[in-house]
Amino acid sequence: MTATPLEPAFSPRVRVTAERIDIAAEIDSMGGGGAAGALVTFCGYCRDEGGRLKALELEHYPGMAERQIATIAARAAARWPLLGALAIHRYGLVAPGEEIVFVACSSVHRGAAFEAASFLMDFMKTRAPFWKREHLVDGTVGGWVEAKDTDEAASDRWHRL
């Protein structure tokens with residue numbers, strides 16, 4: 001099968017899970033069999049927000065979240081010459097220090113892998129249907145966390161490049 005500019009030669013892997021992400025195993029799964037010259041990964045962790053956060057609750061729209069992330073990953077794979085792309089996002093209660101999101105992109109050269117991983121993360125942050133709510137150490141539950149303008153600006157830059 002020959003890939004066209006809009007059709008990558010592989011299917012990006014996407015997973016939405018309540019389970020912890022085994023980062024080492026996921027990196028190993030992206031090996032590439034010798035073809036890859038670069039593998040770029042990003043892991044986003046839950047912060048303790050200065051010791052006040054007990055957990056971050058993440059909700060998602062099942063089915064839609066996976067489809068949206070897959071669409072974003074396919075766009076990255078169509079835009080850059082990738083050999084593989086992986087995006088994993090957690091839901092449920094995530095404690096400080098635990099991983100929330102993991103992205104990996106492999107390519108023959110580092111530039112494409114870096115750009116695609118950044119693109120994928122920027123769009124997941126703004127377009128994937130997830131909602132966050134803080135559970136505080138004092139036992140209270142905060143409101144739903146609003147998106148940041150900086151996140152929107154990060155994804156907007158890709159329309160200009």
# chains A, B, ... in the order shown; residues from 1 in each chain; ligands from 1
>>> closest_atom_pairs(of="region 87-150 of chain A", to="region 23-35 of chain A", cutoff="10 Å", atoms="only C-alpha atoms", output="Markdown table")
| residue | atom | partner | partner_atom | distance |
| --- | --- | --- | --- | --- |
| A:Ala87 | CA | A:Glu26 | CA | 9.9 |
| A:Ile88 | CA | A:Glu26 | CA | 9.5 |
| A:Glu99 | CA | A:Ile23 | CA | 9.0 |
| A:Phe102 | CA | A:Ile23 | CA | 7.7 |
| A:Val103 | CA | A:Glu26 | CA | 9.5 |
| A:Ala104 | CA | A:Ile27 | CA | 7.5 |
| A:Cys105 | CA | A:Met30 | CA | 8.1 |
| A:Ser106 | CA | A:Met30 | CA | 7.2 |
| A:Ser107 | CA | A:Ala35 | CA | 8.0 |
| A:Val108 | CA | A:Ala35 | CA | 6.5 |
>>> select_by_dssp(residues="region 8-113 of chain A", states="alpha helix (DSSP H)", output="PyMOL selection string")
chain A and resi 23-29+64-79+110-113
>>> write_last_selection(atoms="C-alpha atoms", output="mmCIF file, in the first residue's frame")
data_model
loop_
_atom_site.group_PDB
_atom_site.id
_atom_site.type_symbol
_atom_site.label_atom_id
_atom_site.label_comp_id
_atom_site.auth_asym_id
_atom_site.auth_seq_id
_atom_site.Cartn_x
_atom_site.Cartn_y
_atom_site.Cartn_z
ATOM 1 C CA ILE A 23 5.857 4.370 29.911
ATOM 2 C CA ALA A 24 8.786 1.973 29.417
ATOM 3 C CA ALA A 25 6.563 -0.642 27.762
ATOM 4 C CA GLU A 26 4.986 1.975 25.499
ATOM 5 C CA ILE A 27 8.401 3.260 24.435
ATOM 6 C CA ASP A 28 9.506 -0.314 23.706
ATOM 7 C CA SER A 29 6.383 -0.807 21.572
ATOM 8 C CA MET A 64 -15.897 10.410 20.953
ATOM 9 C CA ALA A 65 -12.637 10.988 22.849
ATOM 10 C CA GLU A 66 -10.934 8.085 21.075
ATOM 11 C CA ARG A 67 -12.245 9.184 17.678
ATOM 12 C CA GLN A 68 -11.137 12.779 18.188
ATOM 13 C CA ILE A 69 -7.638 11.763 19.304
ATOM 14 C CA ALA A 70 -7.390 9.327 16.371
ATOM 15 C CA THR A 71 -8.354 12.134 13.981
ATOM 16 C CA ILE A 72 -5.690 14.411 15.472
ATOM 17 C CA ALA A 73 -3.072 11.636 15.298
ATOM 18 C CA ALA A 74 -3.986 10.870 11.674
ATOM 19 C CA ARG A 75 -3.540 14.555 10.818
ATOM 20 C CA ALA A 76 -0.074 14.473 12.378
ATOM 21 C CA ALA A 77 0.782 11.318 10.442
ATOM 22 C CA ALA A 78 -0.410 12.928 7.207
ATOM 23 C CA ARG A 79 1.509 16.134 7.851
ATOM 24 C CA ARG A 110 14.090 13.926 14.711
ATOM 25 C CA GLY A 111 12.492 17.080 13.292
ATOM 26 C CA ALA A 112 9.347 15.320 12.123
ATOM 27 C CA ALA A 113 9.056 13.359 15.372
#
>>> residues_around(residues="region 123-135 of chain A", least_positions_apart="3", cutoff="9 Å", atoms="only C-alpha atoms", output="VMD selection string")
chain A and resid 52 to 62 64 to 69 72 87 91 93 118 to 120 138 to 147 151 to 152 154 to 156
>>> write_last_selection(atoms="C-alpha atoms", output="PDB file, in the first residue's frame")
ATOM      1  CA  ARG A  52      -3.381  21.224  47.986  1.00  0.00           C
ATOM      2  CA  LEU A  53      -4.443  18.640  45.372  1.00  0.00           C
ATOM      3  CA  LYS A  54      -5.352  15.090  46.420  1.00  0.00           C
ATOM      4  CA  ALA A  55      -6.412  13.958  42.941  1.00  0.00           C
ATOM      5  CA  LEU A  56      -7.514  15.224  39.577  1.00  0.00           C
ATOM      6  CA  GLU A  57     -10.743  13.750  38.237  1.00  0.00           C
ATOM      7  CA  LEU A  58     -10.801  13.334  34.478  1.00  0.00           C
ATOM      8  CA  GLU A  59     -14.025  12.586  32.642  1.00  0.00           C
ATOM      9  CA  HIS A  60     -14.375  11.953  28.952  1.00  0.00           C
ATOM     10  CA  TYR A  61     -16.989  11.253  26.338  1.00  0.00           C
ATOM     11  CA  PRO A  62     -16.374   7.523  25.592  1.00  0.00           C
ATOM     12  CA  MET A  64     -15.897  10.410  20.953  1.00  0.00           C
ATOM     13  CA  ALA A  65     -12.637  10.988  22.849  1.00  0.00           C
ATOM     14  CA  GLU A  66     -10.934   8.085  21.075  1.00  0.00           C
ATOM     15  CA  ARG A  67     -12.245   9.184  17.678  1.00  0.00           C
ATOM     16  CA  GLN A  68     -11.137  12.779  18.188  1.00  0.00           C
ATOM     17  CA  ILE A  69      -7.638  11.763  19.304  1.00  0.00           C
ATOM     18  CA  ILE A  72      -5.690  14.411  15.472  1.00  0.00           C
ATOM     19  CA  ALA A  87      -1.489   8.726  22.146  1.00  0.00           C
ATOM     20  CA  TYR A  91      -9.573   9.143  32.876  1.00  0.00           C
ATOM     21  CA  LEU A  93      -9.062   9.834  39.543  1.00  0.00           C
ATOM     22  CA  SER A 118       4.075  18.748  19.783  1.00  0.00           C
ATOM     23  CA  PHE A 119       1.210  19.090  17.296  1.00  0.00           C
ATOM     24  CA  LEU A 120      -0.519  16.016  18.690  1.00  0.00           C
ATOM     25  CA  ASP A 138      -9.096  19.203  52.673  1.00  0.00           C
ATOM     26  CA  GLY A 139     -11.834  16.884  51.348  1.00  0.00           C
ATOM     27  CA  THR A 140     -13.598  19.418  49.134  1.00  0.00           C
ATOM     28  CA  VAL A 141     -14.211  19.029  45.426  1.00  0.00           C
ATOM     29  CA  GLY A 142     -13.489  22.009  43.226  1.00  0.00           C
ATOM     30  CA  GLY A 143     -15.266  23.104  40.105  1.00  0.00           C
ATOM     31  CA  TRP A 144     -14.467  21.948  36.614  1.00  0.00           C
ATOM     32  CA  VAL A 145     -11.125  23.374  35.450  1.00  0.00           C
ATOM     33  CA  GLU A 146     -11.369  25.886  32.610  1.00  0.00           C
ATOM     34  CA  ALA A 147      -9.165  25.656  29.543  1.00  0.00           C
ATOM     35  CA  ASP A 151      -3.379  26.084  25.376  1.00  0.00           C
ATOM     36  CA  GLU A 152      -5.582  27.552  22.648  1.00  0.00           C
ATOM     37  CA  ALA A 154      -0.410  26.747  21.274  1.00  0.00           C
ATOM     38  CA  SER A 155      -2.797  24.849  19.012  1.00  0.00           C
ATOM     39  CA  ASP A 156      -3.591  27.951  16.956  1.00  0.00           C
TER      40      ASP A 156
END
>>> atom_distance(atom1="CA of Met121 (chain A)", atom2="CA of Gly51 (chain A)")
26.1 Å
>>> select_by_dssp(residues="region 1-160 of chain A", states="strand (DSSP E or B)", output="PyMOL selection string")
chain A and resi 13-17+38-45+53-60+82-90+92-94+99-107+130-136+141-144
>>> residues_around(residues="Glu98 (chain A)", least_positions_apart="3", cutoff="9 Å", atoms="only C-alpha atoms", output="PDB file with N, CA and C atoms, in the first residue's frame")
ATOM      1  N   ARG A  20      -2.933   3.009  34.890  1.00  0.00           N
ATOM      2  CA  ARG A  20      -1.660   3.717  34.806  1.00  0.00           C
ATOM      3  C   ARG A  20      -0.998   3.388  33.472  1.00  0.00           C
ATOM      4  N   ILE A  21      -0.186   4.298  32.982  1.00  0.00           N
ATOM      5  CA  ILE A  21       0.509   4.123  31.716  1.00  0.00           C
ATOM      6  C   ILE A  21       1.907   3.580  32.011  1.00  0.00           C
ATOM      7  N   GLY A  44       2.670  13.791  30.347  1.00  0.00           N
ATOM      8  CA  GLY A  44       2.135  14.832  31.219  1.00  0.00           C
ATOM      9  C   GLY A  44       1.694  14.204  32.526  1.00  0.00           C
ATOM     10  N   TYR A  45       2.100  14.816  33.637  1.00  0.00           N
ATOM     11  CA  TYR A  45       1.814  14.286  34.968  1.00  0.00           C
ATOM     12  C   TYR A  45       0.835  15.186  35.721  1.00  0.00           C
ATOM     13  N   CYS A  46       0.160  14.601  36.688  1.00  0.00           N
ATOM     14  CA  CYS A  46      -0.707  15.350  37.593  1.00  0.00           C
ATOM     15  C   CYS A  46       0.181  16.044  38.627  1.00  0.00           C
ATOM     16  N   ARG A  47       0.025  17.352  38.773  1.00  0.00           N
ATOM     17  CA  ARG A  47       0.765  18.130  39.772  1.00  0.00           C
ATOM     18  C   ARG A  47      -0.010  18.145  41.092  1.00  0.00           C
ATOM     19  N   VAL A  94      -6.820  10.637  39.169  1.00  0.00           N
ATOM     20  CA  VAL A  94      -5.385  10.557  38.946  1.00  0.00           C
ATOM     21  C   VAL A  94      -4.701  11.311  40.086  1.00  0.00           C
ATOM     22  N   ALA A  95      -3.832  10.630  40.804  1.00  0.00           N
ATOM     23  CA  ALA A  95      -3.143  11.225  41.952  1.00  0.00           C
ATOM     24  C   ALA A  95      -1.926  12.027  41.493  1.00  0.00           C
TER      25      ALA A  95
END
>>> closest_residue(among="A:Ala18, A:Ala36, A:Gly97, A:Thr41", to="Leu82 (chain A)", atoms="only C-alpha atoms")
A:Ala36
>>> atom_distance(atom1="CA of Ala85 (chain A)", atom2="CA of Asp122 (chain A)")
14.5 Å
>>> atom_distance(atom1="CA of Glu49 (chain A)", atom2="CA of Leu136 (chain A)")
9.6 Å
